[in-house]
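Visitor: Got a structure here, written out as structure tokens. Questions coming.
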Amino acid sequence: MVTETARIDEILDRFPQIKRNALIPLLQAVQDEFGYISEEAIVRIGAHLSLPTSKVYGLATFYNQFSFSPRGVYHIALCNGSSCHLGGSGELFGELIKLLEIGDGETTRDGLFSLEVQSCIGACGQSPVMAVNGTYFSGITVKELREIIKQYREDASG
Ligand code: FES
């Protein structure tokens with residue numbers, strides 16, 4: 001079995017130039033490979049580019065496309081752009097926090113759901129919008145949201 005370390009090293013080998021401008025492409029490559037950026041990856045990238053770990057982490061957190069925990073089986077992207085905000089995404093967010101007991105950027109303990117609040121997911125005319133693994137749910141109410149989550153839980157257990 002190929003370990004996480006070996007997979008990270010294989011990515012680092014693709015960026016042999018010890019240049020600091022390789023940092024963002026490297027972070028992107030790690031995220032594409034694993035779906036998130038682990039602590040080990042941050043440390044190894046820092047060593048590879050001769051940058052302090054704190055710098056790598058600081059820069060990675062500046063860009064909100066990077067995630068630092070593994071995604072759940074079902075990854076929920078909740079839009080909180082202006083149309084969706086006006087359409088009630090705040091209420092949906094509050095309900096998701098209650099239902100899943102996680103916040104933005106987190107994954108449930110059982111690994112089933114992860115949640116990410118985004119600024120716009122490109123369907124503003126149908127607000128509020130949420131996507132689960134790329135499937136869009138538009139114009140949803142809190143009641144419908146509960147049903148959607150329930151359905152995914154049932155699918156996972158059945
Ligand atoms: S503001 Fe929500 S999809 Fe654009």
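Following the order of the structure tokens, chains are lettered A, B, ..., residues in each are numbered from 1, and ligands are numbered from 1.
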Dump the neighbourhood of ligand 1 as a PDB file with C-alpha atoms, in the first residue's frame: all residues within 8 Å, distances computed on only C-alpha atoms and all ligand atoms.
Guide:
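Here's the written file out.pdb:
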ATOM      1  CA  CYS A  79     -23.863  29.137  -0.720  1.00  0.00           C
ATOM      2  CA  ASN A  80     -23.848  32.315   1.315  1.00  0.00           C
ATOM      3  CA  GLY A  81     -23.426  34.748  -1.565  1.00  0.00           C
ATOM      4  CA  SER A  82     -25.661  37.824  -1.540  1.00  0.00           C
ATOM      5  CA  SER A  83     -28.661  36.246  -3.341  1.00  0.00           C
ATOM      6  CA  CYS A  84     -28.552  33.139  -1.190  1.00  0.00           C
ATOM      7  CA  HIS A  85     -28.019  35.184   1.944  1.00  0.00           C
ATOM      8  CA  SER A 119     -19.491  32.812  -1.538  1.00  0.00           C
ATOM      9  CA  CYS A 120     -21.330  31.867  -4.753  1.00  0.00           C
ATOM     10  CA  ILE A 121     -21.846  28.535  -6.442  1.00  0.00           C
ATOM     11  CA  GLY A 122     -23.204  29.929  -9.669  1.00  0.00           C
ATOM     12  CA  ALA A 123     -26.961  29.436  -9.399  1.00  0.00           C
ATOM     13  CA  CYS A 124     -27.964  32.789  -7.895  1.00  0.00           C
ATOM     14  CA  GLY A 125     -31.387  32.832  -9.585  1.00  0.00           C
ATOM     15  CA  GLN A 126     -32.471  29.813  -7.543  1.00  0.00           C
ATOM     16  CA  SER A 127     -31.445  30.888  -4.071  1.00  0.00           C
ATOM     17  CA  PRO A 128     -30.861  29.606  -1.505  1.00  0.00           C
ATOM     18  CA  VAL A 129     -28.665  26.944  -3.028  1.00  0.00           C
TER      19      VAL A 129
END
Visitor: Quick one: residues within 6 Å of stretch 60-77 of chain A, only C-alpha atoms counted, chain neighbours fewer than 5 positions away excluded, as a PyMOL selection string?
Guide: chain A and resi 36-38+107+111-117+130-133
Visitor: Quick one: write out the picked residues with C-alpha atoms as a compact mmCIF listing (two decimals), in the first residue's frame?
Guide:
# COMPACT_ATOMS: atom_id res chain seq x y z
CA TYR A 36 -7.51 18.28 1.81
CA ILE A 37 -4.12 19.37 3.11
CA SER A 38 -2.87 17.45 6.12
CA THR A 107 -16.29 17.00 8.94
CA GLY A 111 -16.83 10.96 8.27
CA LEU A 112 -20.24 11.06 6.61
CA PHE A 113 -20.68 14.80 6.06
CA SER A 114 -18.40 17.77 5.58
CA LEU A 115 -19.57 21.34 5.29
CA GLU A 116 -18.19 24.28 3.41
CA VAL A 117 -19.79 27.71 3.15
CA MET A 130 -26.75 24.02 -1.61
CA ALA A 131 -24.81 21.30 -3.40
CA VAL A 132 -24.06 17.83 -2.08
CA ASN A 133 -21.22 16.15 -3.97
Visitor: Work out how far apart atom CA of A:Asp13 and atom CA of A:Gly105 are and give it in Å to one decimal.
Guide: 28.9 Å
Visitor: Quick check, in Å to one decimal: how far apart do atom CA of A:Tyr57 and atom CA of A:Ala41 lie?
Guide: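 Computed distance, atom CA of A:Tyr57 to atom CA of A:Ala41, equals 10.1 Å.
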Visitor: Residues within 10 Å of stretch 42-56 of chain A, please, as a PyMOL selection string. Count only C-alpha atoms; anything in the same chain fewer than 6 positions from it doesn't count.
Guide: chain A and resi 5+8-9+11-13+15-24+26-27+30+68
Visitor: Identify which of the residues A:Lys150, A:Ala156, A:Lys143, A:Glu33 lies closest to A:Leu92, counting only C-alpha atoms when measuring atom-to-atom distances.
Guide: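 Of the candidates, the smallest distance to A:Leu92 is held by A:Lys143.
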Visitor: Just how far from atom CA of A:Gly87 is atom CA of A:Thr141, in Å to one decimal?
Guide: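 Separating atom CA of A:Thr141 from atom CA of A:Gly87 is a distance of 9.5 Å.
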Visitor: Which of chain A end up as alpha helix (DSSP H) when DSSP is run on this backbone - answer as number ranges by chain?
Guide: A: 4-13, 23-34, 39-49, 53-62, 82-86, 89-100, 142-157
Visitor: Please write the residues from the selection above to a file, keeping C-alpha atoms, as a CSV table (one decimal), in the first residue's frame.
Guide:
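The new file selection12.csv reads:
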chain,number,residue,atom,x,y,z
A,4,GLU,CA,0.4,9.2,2.5
A,5,THR,CA,4.1,10.2,2.9
A,6,ALA,CA,5.1,8.5,-0.4
A,7,ARG,CA,2.2,10.1,-2.2
A,8,ILE,CA,3.2,13.6,-0.8
A,9,ASP,CA,6.8,12.9,-1.9
A,10,GLU,CA,5.7,11.9,-5.4
A,11,ILE,CA,3.9,15.3,-5.6
A,12,LEU,CA,6.9,17.2,-4.3
A,13,ASP,CA,9.1,15.5,-7.0
A,23,LEU,CA,3.9,27.0,-3.1
A,24,ILE,CA,0.3,27.6,-4.4
A,25,PRO,CA,0.6,25.0,-7.2
A,26,LEU,CA,2.0,22.5,-4.7
A,27,LEU,CA,-0.8,23.1,-2.2
A,28,GLN,CA,-3.3,22.7,-5.0
A,29,ALA,CA,-1.7,19.5,-6.2
A,30,VAL,CA,-1.9,18.1,-2.6
A,31,GLN,CA,-5.5,19.1,-2.3
A,32,ASP,CA,-6.4,17.6,-5.6
A,33,GLU,CA,-4.7,14.3,-4.6
A,34,PHE,CA,-6.1,14.0,-1.0
A,39,GLU,CA,-0.5,18.7,8.8
A,40,GLU,CA,2.1,16.3,7.4
A,41,ALA,CA,1.8,17.8,3.9
A,42,ILE,CA,2.2,21.3,5.3
A,43,VAL,CA,5.4,20.3,7.1
A,44,ARG,CA,6.8,18.5,4.1
A,45,ILE,CA,6.0,21.3,1.7
A,46,GLY,CA,7.7,23.7,4.1
A,47,ALA,CA,10.9,21.6,4.2
A,48,HIS,CA,10.8,21.2,0.4
A,49,LEU,CA,10.6,24.9,-0.2
A,53,THR,CA,5.7,25.6,8.5
A,54,SER,CA,3.9,28.7,9.9
A,55,LYS,CA,4.4,30.5,6.6
A,56,VAL,CA,3.0,27.6,4.6
A,57,TYR,CA,0.0,27.3,6.8
A,58,GLY,CA,-0.6,31.0,7.0
A,59,LEU,CA,-0.6,31.3,3.2
A,60,ALA,CA,-2.8,28.2,2.8
A,61,THR,CA,-5.4,29.6,5.2
A,62,PHE,CA,-5.5,32.8,3.3
A,82,SER,CA,-25.7,37.8,-1.5
A,83,SER,CA,-28.7,36.2,-3.3
A,84,CYS,CA,-28.6,33.1,-1.2
A,85,HIS,CA,-28.0,35.2,1.9
A,86,LEU,CA,-31.2,37.2,1.1
A,89,SER,CA,-28.9,30.7,3.7
A,90,GLY,CA,-28.2,31.9,7.2
A,91,GLU,CA,-31.1,29.8,8.5
A,92,LEU,CA,-30.0,26.8,6.5
A,93,PHE,CA,-26.5,27.2,8.0
A,94,GLY,CA,-27.9,27.3,11.5
A,95,GLU,CA,-29.9,24.1,10.8
A,96,LEU,CA,-26.9,22.3,9.3
A,97,ILE,CA,-24.9,23.2,12.4
A,98,LYS,CA,-27.7,21.7,14.6
A,99,LEU,CA,-28.2,18.6,12.4
A,100,LEU,CA,-24.5,17.7,11.8
A,142,VAL,CA,-35.3,24.4,6.4
A,143,LYS,CA,-37.9,21.6,6.3
A,144,GLU,CA,-36.6,20.4,3.0
A,145,LEU,CA,-33.0,20.6,4.2
A,146,ARG,CA,-33.9,18.2,7.1
A,147,GLU,CA,-35.4,15.8,4.6
A,148,ILE,CA,-32.3,16.0,2.3
A,149,ILE,CA,-29.9,15.2,5.2
A,150,LYS,CA,-32.2,12.4,6.4
A,151,GLN,CA,-32.2,10.9,3.0
A,152,TYR,CA,-28.4,10.9,2.7
A,153,ARG,CA,-28.2,9.3,6.2
A,154,GLU,CA,-30.6,6.6,5.1
A,155,ASP,CA,-28.7,6.1,1.8
A,156,ALA,CA,-25.4,5.7,3.8
A,157,SER,CA,-26.9,3.2,6.2
